[in-house]
Structure formats: structure tokens, C-alpha cells
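K.L.:
Have a peek at protein.cif (mmCIF, C-alpha atoms).
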data_upload
loop_
_atom_site.group_PDB
_atom_site.id
_atom_site.type_symbol
_atom_site.label_atom_id
_atom_site.label_comp_id
_atom_site.auth_asym_id
_atom_site.auth_seq_id
_atom_site.Cartn_x
_atom_site.Cartn_y
_atom_site.Cartn_z
ATOM 1 C CA MET A 88 80.309 92.985 100.184
ATOM 2 C CA PRO A 89 83.606 94.523 101.427
ATOM 3 C CA LYS A 90 85.996 95.829 98.795
ATOM 4 C CA PRO A 91 89.471 94.244 98.736
ATOM 5 C CA ILE A 92 92.059 96.212 100.650
ATOM 6 C CA ILE A 93 95.185 96.664 98.513
ATOM 7 C CA MET A 94 98.157 97.601 100.661
ATOM 8 C CA ASP A 95 100.121 100.283 98.864
ATOM 9 C CA HIS A 96 102.620 101.048 101.635
ATOM 10 C CA PRO A 97 106.060 101.810 100.125
ATOM 11 C CA LEU A 98 107.754 98.985 102.058
ATOM 12 C CA VAL A 99 105.148 96.489 100.877
ATOM 13 C CA GLN A 100 105.499 97.576 97.261
ATOM 14 C CA HIS A 101 109.303 97.554 97.371
ATOM 15 C CA LYS A 102 109.465 94.044 98.830
ATOM 16 C CA LEU A 103 106.865 92.853 96.337
ATOM 17 C CA ALA A 104 109.011 94.082 93.440
ATOM 18 C CA VAL A 105 111.996 92.066 94.704
ATOM 19 C CA LEU A 106 109.716 89.062 95.298
ATOM 20 C CA ARG A 107 108.534 89.116 91.678
ATOM 21 C CA ASP A 108 112.076 89.184 90.268
ATOM 22 C CA LYS A 109 112.919 85.816 88.674
ATOM 23 C CA ASN A 110 116.506 86.190 89.925
ATOM 24 C CA THR A 111 115.454 86.249 93.595
ATOM 25 C CA GLY A 112 116.595 82.962 95.147
ATOM 26 C CA SER A 113 114.603 80.727 97.510
ATOM 27 C CA LYS A 114 116.256 81.968 100.718
ATOM 28 C CA GLU A 115 115.538 85.616 99.988
ATOM 29 C CA PHE A 116 112.105 84.725 98.623
ATOM 30 C CA ARG A 117 111.166 82.995 101.897
ATOM 31 C CA GLU A 118 112.398 85.962 103.919
ATOM 32 C CA LEU A 119 110.418 88.395 101.794
ATOM 33 C CA ILE A 120 107.229 86.323 102.073
ATOM 34 C CA ASN A 121 107.547 86.425 105.866
ATOM 35 C CA GLU A 122 108.301 90.161 105.913
ATOM 36 C CA LEU A 123 105.330 90.917 103.687
ATOM 37 C CA ALA A 124 103.071 88.772 105.864
ATOM 38 C CA THR A 125 104.174 90.744 108.931
ATOM 39 C CA LEU A 126 103.494 94.083 107.261
ATOM 40 C CA MET A 127 100.116 92.914 105.973
ATOM 41 C CA CYS A 128 99.138 91.521 109.374
ATOM 42 C CA TYR A 129 99.858 94.907 110.939
ATOM 43 C CA ASP A 130 97.267 96.520 108.679
ATOM 44 C CA ALA A 131 94.788 93.634 108.722
ATOM 45 C CA THR A 132 94.565 93.760 112.536
ATOM 46 C CA ARG A 133 93.980 97.517 112.644
ATOM 47 C CA ASP A 134 90.360 97.172 113.763
ATOM 48 C CA LEU A 135 90.833 94.634 116.564
ATOM 49 C CA PRO A 136 88.997 95.897 119.678
ATOM 50 C CA LEU A 137 90.891 97.333 122.638
ATOM 51 C CA GLU A 138 90.115 97.670 126.326
ATOM 52 C CA GLU A 139 91.563 100.033 128.905
ATOM 53 C CA VAL A 140 93.803 98.543 131.591
ATOM 54 C CA THR A 141 96.002 99.890 134.350
ATOM 55 C CA VAL A 142 99.702 99.026 134.161
ATOM 56 C CA GLU A 143 102.205 99.690 136.958
ATOM 57 C CA THR A 144 105.251 101.390 135.470
ATOM 58 C CA PRO A 145 108.455 101.883 137.556
ATOM 59 C CA MET A 146 107.175 105.411 138.231
ATOM 60 C CA ALA A 147 103.388 105.319 138.579
ATOM 61 C CA PRO A 148 100.204 103.596 137.358
ATOM 62 C CA ALA A 149 99.419 104.214 133.688
ATOM 63 C CA ARG A 150 96.162 103.861 131.815
ATOM 64 C CA CYS A 151 96.872 101.791 128.708
ATOM 65 C CA LYS A 152 95.046 99.870 126.035
ATOM 66 C CA MET A 153 95.368 96.168 125.280
ATOM 67 C CA LEU A 154 93.583 93.750 122.974
ATOM 68 C CA ALA A 155 90.147 93.047 124.366
ATOM 69 C CA GLY A 156 90.504 89.335 124.847
ATOM 70 C CA ARG A 157 89.943 88.433 121.189
ATOM 71 C CA LYS A 158 91.470 85.115 120.222
ATOM 72 C CA LEU A 159 93.094 84.743 116.824
ATOM 73 C CA ALA A 160 93.693 81.801 114.519
ATOM 74 C CA ILE A 161 95.795 81.650 111.387
ATOM 75 C CA VAL A 162 95.056 79.007 108.784
ATOM 76 C CA PRO A 163 97.570 78.617 105.953
ATOM 77 C CA ILE A 164 96.518 76.777 102.817
ATOM 78 C CA LEU A 165 99.220 74.159 102.279
ATOM 79 C CA ARG A 166 101.780 74.319 101.068
ATOM 80 C CA ALA A 167 102.555 77.876 99.965
ATOM 81 C CA GLY A 168 100.536 79.435 102.785
ATOM 82 C CA MET A 169 103.045 78.056 105.295
ATOM 83 C CA GLY A 170 105.511 80.626 104.014
ATOM 84 C CA MET A 171 103.427 83.387 105.624
ATOM 85 C CA VAL A 172 102.911 81.797 109.050
ATOM 86 C CA GLU A 173 106.055 82.955 110.870
ATOM 87 C CA GLY A 174 105.528 86.496 109.651
ATOM 88 C CA ILE A 175 102.089 86.573 111.276
ATOM 89 C CA LEU A 176 103.258 84.876 114.483
ATOM 90 C CA THR A 177 105.921 87.563 114.859
ATOM 91 C CA LEU A 178 103.120 90.002 115.719
ATOM 92 C CA VAL A 179 100.591 87.646 117.328
ATOM 93 C CA PRO A 180 102.595 84.790 118.884
ATOM 94 C CA SER A 181 99.580 83.575 120.891
ATOM 95 C CA ALA A 182 97.543 82.826 117.757
ATOM 96 C CA ARG A 183 96.529 79.208 117.184
ATOM 97 C CA VAL A 184 97.547 77.672 113.860
ATOM 98 C CA GLY A 185 95.346 75.391 111.778
ATOM 99 C CA HIS A 186 96.166 73.826 108.419
ATOM 100 C CA ILE A 187 94.172 73.098 105.286
ATOM 101 C CA GLY A 188 95.744 70.953 102.584
ATOM 102 C CA LEU A 189 94.669 71.514 98.993
ATOM 103 C CA TYR A 190 96.348 71.045 95.647
ATOM 104 C CA ARG A 191 95.270 72.068 92.181
ATOM 105 C CA ASP A 192 94.497 69.271 89.762
ATOM 106 C CA PRO A 193 96.754 69.910 86.739
ATOM 107 C CA GLN A 194 94.033 68.957 84.256
ATOM 108 C CA THR A 195 90.887 70.492 85.743
ATOM 109 C CA HIS A 196 92.616 73.275 87.739
ATOM 110 C CA GLN A 197 90.128 72.513 90.536
ATOM 111 C CA PRO A 198 91.197 72.210 94.213
ATOM 112 C CA VAL A 199 91.592 68.711 95.657
ATOM 113 C CA GLU A 200 91.333 68.403 99.452
ATOM 114 C CA TYR A 201 93.691 66.168 101.405
ATOM 115 C CA TYR A 202 93.946 67.616 104.939
ATOM 116 C CA CYS A 203 92.058 69.834 107.389
ATOM 117 C CA LYS A 204 93.025 70.421 111.030
ATOM 118 C CA LEU A 205 91.654 73.466 112.862
ATOM 119 C CA PRO A 206 91.700 74.680 116.483
ATOM 120 C CA ALA A 207 88.883 73.089 118.466
ATOM 121 C CA ASP A 208 87.451 76.500 119.367
ATOM 122 C CA ILE A 209 87.653 77.907 115.845
ATOM 123 C CA GLU A 210 84.149 79.376 116.154
ATOM 124 C CA GLU A 211 85.389 81.712 118.927
ATOM 125 C CA ARG A 212 88.344 83.127 116.997
ATOM 126 C CA ASP A 213 89.074 85.805 114.437
ATOM 127 C CA ILE A 214 90.506 83.789 111.558
ATOM 128 C CA PHE A 215 93.169 84.775 109.042
ATOM 129 C CA VAL A 216 93.402 82.458 106.040
ATOM 130 C CA LEU A 217 96.781 82.664 104.309
ATOM 131 C CA ASP A 218 97.841 81.935 100.735
ATOM 132 C CA PRO A 219 100.398 83.999 98.794
ATOM 133 C CA MET A 220 98.469 83.727 95.508
ATOM 134 C CA LEU A 221 94.761 84.117 94.774
ATOM 135 C CA ALA A 222 94.615 82.780 91.214
ATOM 136 C CA THR A 223 91.389 80.997 90.226
ATOM 137 C CA GLY A 224 90.100 81.373 93.782
ATOM 138 C CA GLY A 225 89.180 77.683 93.979
ATOM 139 C CA SER A 226 91.472 76.834 96.898
ATOM 140 C CA ALA A 227 90.496 79.918 98.890
ATOM 141 C CA VAL A 228 86.780 79.321 98.330
ATOM 142 C CA ASP A 229 87.065 75.685 99.381
ATOM 143 C CA ALA A 230 89.282 76.392 102.412
ATOM 144 C CA ILE A 231 86.871 79.017 103.736
ATOM 145 C CA ARG A 232 83.957 76.655 103.114
ATOM 146 C CA GLN A 233 85.674 74.051 105.299
ATOM 147 C CA ILE A 234 86.304 76.603 108.048
ATOM 148 C CA LYS A 235 82.671 77.751 108.023
ATOM 149 C CA ALA A 236 81.506 74.128 108.134
ATOM 150 C CA LYS A 237 83.394 73.780 111.432
ATOM 151 C CA GLY A 238 81.837 76.927 112.882
ATOM 152 C CA GLY A 239 84.278 79.648 111.823
ATOM 153 C CA LYS A 240 82.645 83.038 111.274
ATOM 154 C CA ASN A 241 84.987 86.039 111.494
ATOM 155 C CA ILE A 242 87.251 85.286 108.541
ATOM 156 C CA ARG A 243 89.772 87.403 106.640
ATOM 157 C CA PHE A 244 91.836 86.293 103.660
ATOM 158 C CA LEU A 245 95.425 87.491 103.246
ATOM 159 C CA CYS A 246 97.276 87.010 99.969
ATOM 160 C CA ILE A 247 100.202 88.802 98.367
ATOM 161 C CA ILE A 248 99.016 88.802 94.751
ATOM 162 C CA ALA A 249 95.445 88.385 93.487
ATOM 163 C CA ALA A 250 94.039 87.887 90.009
ATOM 164 C CA PRO A 251 90.714 89.545 89.122
ATOM 165 C CA GLU A 252 89.209 86.127 88.361
ATOM 166 C CA GLY A 253 90.135 84.741 91.784
ATOM 167 C CA LEU A 254 88.974 87.844 93.596
ATOM 168 C CA GLU A 255 85.611 87.689 91.829
ATOM 169 C CA ALA A 256 85.175 83.989 92.636
ATOM 170 C CA LEU A 257 86.065 84.464 96.302
ATOM 171 C CA THR A 258 83.869 87.505 96.902
ATOM 172 C CA LYS A 259 80.961 85.837 95.111
ATOM 173 C CA ALA A 260 81.229 82.653 97.183
ATOM 174 C CA HIS A 261 82.031 84.376 100.490
ATOM 175 C CA PRO A 262 80.861 88.004 100.393
ATOM 176 C CA ASP A 263 81.386 88.319 104.152
ATOM 177 C CA VAL A 264 85.161 87.720 103.949
ATOM 178 C CA GLN A 265 87.480 90.720 103.793
ATOM 179 C CA VAL A 266 90.366 90.259 101.349
ATOM 180 C CA TYR A 267 93.766 91.886 101.841
ATOM 181 C CA CYS A 268 96.446 91.833 99.141
ATOM 182 C CA ALA A 269 99.569 93.693 98.094
ATOM 183 C CA ALA A 270 98.692 93.741 94.374
ATOM 184 C CA LEU A 271 95.783 93.036 92.049
ATOM 185 C CA ASP A 272 97.373 91.771 88.837
ATOM 186 C CA ASP A 273 96.115 91.672 85.254
ATOM 187 C CA CYS A 274 94.688 88.219 84.562
ATOM 188 C CA LEU A 275 95.283 84.465 84.440
ATOM 189 C CA ASN A 276 97.056 82.754 81.557
ATOM 190 C CA GLU A 277 95.867 79.579 79.840
ATOM 191 C CA ASN A 278 97.459 77.477 82.607
ATOM 192 C CA LYS A 279 95.692 79.505 85.322
ATOM 193 C CA TYR A 280 98.849 81.255 86.540
ATOM 194 C CA ILE A 281 98.662 84.927 87.468
ATOM 195 C CA LEU A 282 100.122 87.458 85.015
ATOM 196 C CA PRO A 283 102.513 89.109 85.614
ATOM 197 C CA GLY A 284 102.521 87.333 89.006
ATOM 198 C CA LEU A 285 105.707 85.779 90.335
ATOM 199 C CA GLY A 286 105.534 82.177 89.166
ATOM 200 C CA ASP A 287 104.626 79.284 91.457
ATOM 201 C CA ALA A 288 104.922 80.588 95.029
ATOM 202 C CA GLY A 289 105.297 77.118 96.567
ATOM 203 C CA ASP A 290 108.097 76.154 94.194
ATOM 204 C CA ARG A 291 109.919 79.414 94.809
ATOM 205 C CA ILE A 292 109.568 79.144 98.595
ATOM 206 C CA TYR A 293 110.835 75.572 98.773
ATOM 207 C CA GLY A 294 113.106 75.437 95.715
ATOM 208 C CA THR A 295 111.115 72.655 94.034
ATOM 209 C CA TYR A 296 111.142 73.919 90.466
#
Could the structure of this file be written out as C-alpha cells, please?

P.N.:
Amino acid sequence: MPKPIIMDHPLVQHKLAVLRDKNTGSKEFRELINELATLMCYDATRDLPLEEVTVETPMAPARCKMLAGRKLAIVPILRAGMGMVEGILTLVPSARVGHIGLYRDPQTHQPVEYYCKLPADIEERDIFVLDPMLATGGSAVDAIRQIKAKGGKNIRFLCIIAAPEGLEALTKAHPDVQVYCAALDDCLNENKYILPGLGDAGDRIYGTY
């Protein structure tokens, strides 16, 4: 079972501090989510395989390295996960984008599915599942279950903030999935929100308080 990778880069931690601030408005919040996703993607793709190629420069042939034909897919969990998509596409613009729609029932706090659309060749791709918050873990567990049911295998989960309860649930259900996050917070409160967290990521991204 892989240990979660917590990204402690100074730029990541600085942007996370501004993201948490209750006075950060929706426009800046959206920009920060995208910037953090870009920085996290840089680290999460560190082990992608390379192959040697020859490139003709204006001066002479050069031996270089390029990605070894691996195809990528990014799958945001709607709606908050959409806030991370452009940040990932900045680095890997050729990635295919799927979508999984889930919402948390306010009484049971369990995920309710309402949409799933994935690339047809999902089984051939390295998959990055995106959601800014890993709280109870229910949505992440269910989203990854849906992806595996359609043939997905090489799956990584990127979130900005994780709660210990959500991390435990996800790694127990899917021990083969590597988790990347910028912070592992203290706990969940009685309403299943992360403490200290940053509030509701979807509301803060879209201004729907």
C-alpha cells in the first residue's frame, strides 16, 4: 500500500495558506486551485517513462528524451474537481478528460452518483482523479470504483487537502492507488467537513455560498 505523498514545496504551501484564508475571494480562489493543480501535476508525473529520440536543432542532431507514448486521462469529480482541470491541462494538453458526477447526501453524508463519462480507451491510460478535498473519502472511493469497473487500472488521486478519515477509507478500499495532497489536516467535524480545511471548495470556486 503506497504512502500518501504530501507535497511540501514552498510554493505549494504558500498558495495553500492563501487558499485557506476566508477572505480570499472566488476569483483568486479559482486561480489558486489551478496553480496548485499545476504544481501537483508536475510532481505526480515525475515517474512517467521516457524514451530517447533524435531531434534536429538548427545546429545539429540532438539526443533527447520524450514521454514514451503513455496516454493520460484526467477525471475530475464534479463539481469541485473541475477547478483543477485547467491546471493539469496546462502541463499535459493532450490528456483526455472524463467526468464523474457525485454529490454528498446532506443527511447520510454518503455519495450519490448522477453522471459518469470516461474516455473509451480508459483502460490504456494513466488516470489522474481530481478532487480538491478528501473528506470522508466516500466520493473518491466510489469514483475510483466506477473507473475500475470500466477497465481503468493505473490510477492516481490528486487532492489539495485530505482528512485522516478520508485517507484511511480510500487506501483501504483502493490500496493500489497513489494519493497526492498538499496537506493532511486534523480531522472531520460533526458535519463531515475537514478541520481546519478551507470550507466548501465547490462553493468557494463558484461563489455559491

K.L.:
Nearest residue to Val172 (chain A) out of A:Ala269, A:Leu154, A:Ala160, A:Ala250, using all atoms listed in the file?

P.N.:
A:Ala160

K.L.:
May I ask for the distance between CA of Gly286 (chain A) and CA of Lys109 (chain A), given in Å to one decimal place?

P.N.:
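Going from CA of Gly286 (chain A) over to CA of Lys109 (chain A) covers 8.2 Å.
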
K.L.:
With only C-alpha atoms as the counted atoms, please give the residues lying no more than 10 Å from Arg243 (chain A), apart from itself and same-chain residues fewer than 4 positions off, as a list in words.

P.N.:
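Selected residues are Ala131, Thr132, Ile161, Asp213, Ile214, Phe215, Val216, Leu217, Ile231, Asp263, Val264, Gln265, Val266 and Tyr267 of chain A.
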
K.L.:
If you measure from CA of Ala182 (chain A) to CA of Thr125 (chain A), what distance in Å do you get, rounded to one decimal?

P.N.:
13.6 Å

K.L.:
Let me make sure I understand: among A:Gly225, A:Gly284, A:Gly156, A:Pro148, which one has the smallest atom-to-atom distance to Tyr190 (chain A) if we use only C-alpha atoms?

P.N.:
A:Gly225

K.L.:
Going by the chain IDs and residue numbers used in this file, which residues fall under the PyMOL selection byres ((chain A and resi 191-208) around 9)? Write them as a short mmCIF file (atom, residue, chain, number, x, y, z; two decimals) with C-alpha atoms, in the frame of the given file.

P.N.:
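File expr25.cif, as written:
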data_model
loop_
_atom_site.label_atom_id
_atom_site.label_comp_id
_atom_site.auth_asym_id
_atom_site.auth_seq_id
_atom_site.Cartn_x
_atom_site.Cartn_y
_atom_site.Cartn_z
CA ALA A 160 93.69 81.80 114.52
CA VAL A 162 95.06 79.01 108.78
CA LEU A 165 99.22 74.16 102.28
CA ARG A 183 96.53 79.21 117.18
CA VAL A 184 97.55 77.67 113.86
CA GLY A 185 95.35 75.39 111.78
CA HIS A 186 96.17 73.83 108.42
CA ILE A 187 94.17 73.10 105.29
CA GLY A 188 95.74 70.95 102.58
CA LEU A 189 94.67 71.51 98.99
CA TYR A 190 96.35 71.04 95.65
CA ILE A 209 87.65 77.91 115.84
CA GLU A 210 84.15 79.38 116.15
CA GLU A 211 85.39 81.71 118.93
CA ARG A 212 88.34 83.13 117.00
CA THR A 223 91.39 81.00 90.23
CA GLY A 225 89.18 77.68 93.98
CA SER A 226 91.47 76.83 96.90
CA ASP A 229 87.06 75.68 99.38
CA ALA A 230 89.28 76.39 102.41
CA GLN A 233 85.67 74.05 105.30
CA ILE A 234 86.30 76.60 108.05
CA LYS A 237 83.39 73.78 111.43
CA GLY A 238 81.84 76.93 112.88
CA GLY A 239 84.28 79.65 111.82
CA ASN A 278 97.46 77.48 82.61
CA LYS A 279 95.69 79.50 85.32
#

K.L.:
For Leu254 (chain A), find every residue with an atom within 9 Å (counting only C-alpha atoms), except residues of its own chain fewer than 4 positions away, and show them as an MDAnalysis selection string.

P.N.:
chainID A and resid 91 221:224 249:250 258:259 266 271

K.L.:
In Å, with one decimal, what is the gap from CA of Val99 (chain A) to CA of Pro283 (chain A)?

P.N.:
17.2 Å

K.L.:
Could you pull the residues within 7 Å of Thr141 (chain A), counting all atoms listed in the file, minus those fewer than 5 positions along the same chain, as an MDAnalysis selection string?

P.N.:
chainID A and resid 148:151

K.L.:
Could you save those same residues with C-alpha atoms as a PDB file, keeping the file's coordinate frame?

P.N.:
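Listed below is the output, result08.pdb:
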ATOM      1  CA  PRO A 148     100.204 103.596 137.358  1.00  0.00           C
ATOM      2  CA  ALA A 149      99.419 104.214 133.688  1.00  0.00           C
ATOM      3  CA  ARG A 150      96.162 103.861 131.815  1.00  0.00           C
ATOM      4  CA  CYS A 151      96.872 101.791 128.708  1.00  0.00           C
TER       5      CYS A 151
END

K.L.:
Evaluate the PyMOL selection byres ((chain A and resi 294) around 12) against this structure - the residues, as a list in words, please.

P.N.:
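Selected by the PyMOL selection byres ((chain A and resi 294) around 12) here: Thr111, Gly112, Ser113, Lys114, Glu115, Phe116, Arg117, Ala167, Asp287, Ala288, Gly289, Asp290, Arg291, Ile292, Tyr293, Thr295 and Tyr296 of chain A.
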
K.L.:
Export C-alpha atoms of the chosen residues as a CSV table (one decimal), keeping the file's coordinate frame?

P.N.:
chain,number,residue,atom,x,y,z
A,111,THR,CA,115.5,86.2,93.6
A,112,GLY,CA,116.6,83.0,95.1
A,113,SER,CA,114.6,80.7,97.5
A,114,LYS,CA,116.3,82.0,100.7
A,115,GLU,CA,115.5,85.6,100.0
A,116,PHE,CA,112.1,84.7,98.6
A,117,ARG,CA,111.2,83.0,101.9
A,167,ALA,CA,102.6,77.9,100.0
A,287,ASP,CA,104.6,79.3,91.5
A,288,ALA,CA,104.9,80.6,95.0
A,289,GLY,CA,105.3,77.1,96.6
A,290,ASP,CA,108.1,76.2,94.2
A,291,ARG,CA,109.9,79.4,94.8
A,292,ILE,CA,109.6,79.1,98.6
A,293,TYR,CA,110.8,75.6,98.8
A,295,THR,CA,111.1,72.7,94.0
A,296,TYR,CA,111.1,73.9,90.5

K.L.:
Nearest to Glu118 (chain A): which of A:Leu135, A:Ala236, A:Ile281, A:Leu103 is it, counting only C-alpha atoms?

P.N.:
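Among the listed residues, the smallest separation from Glu118 (chain A) belongs to A:Leu103.
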
K.L.:
Counting only C-alpha atoms, which residues sit no farther than 10 Å from the position (106.8, 85.2, 106.3) in the file's frame? I'd like them as a CSV table (one decimal) with C-alpha atoms, in the frame of the given file.

P.N.:
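selection-v1.csv was written with the following content:
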chain,number,residue,atom,x,y,z
A,116,PHE,CA,112.1,84.7,98.6
A,117,ARG,CA,111.2,83.0,101.9
A,118,GLU,CA,112.4,86.0,103.9
A,119,LEU,CA,110.4,88.4,101.8
A,120,ILE,CA,107.2,86.3,102.1
A,121,ASN,CA,107.5,86.4,105.9
A,122,GLU,CA,108.3,90.2,105.9
A,123,LEU,CA,105.3,90.9,103.7
A,124,ALA,CA,103.1,88.8,105.9
A,125,THR,CA,104.2,90.7,108.9
A,126,LEU,CA,103.5,94.1,107.3
A,168,GLY,CA,100.5,79.4,102.8
A,169,MET,CA,103.0,78.1,105.3
A,170,GLY,CA,105.5,80.6,104.0
A,171,MET,CA,103.4,83.4,105.6
A,172,VAL,CA,102.9,81.8,109.0
A,173,GLU,CA,106.1,83.0,110.9
A,174,GLY,CA,105.5,86.5,109.7
A,175,ILE,CA,102.1,86.6,111.3
A,176,LEU,CA,103.3,84.9,114.5
A,177,THR,CA,105.9,87.6,114.9
A,219,PRO,CA,100.4,84.0,98.8
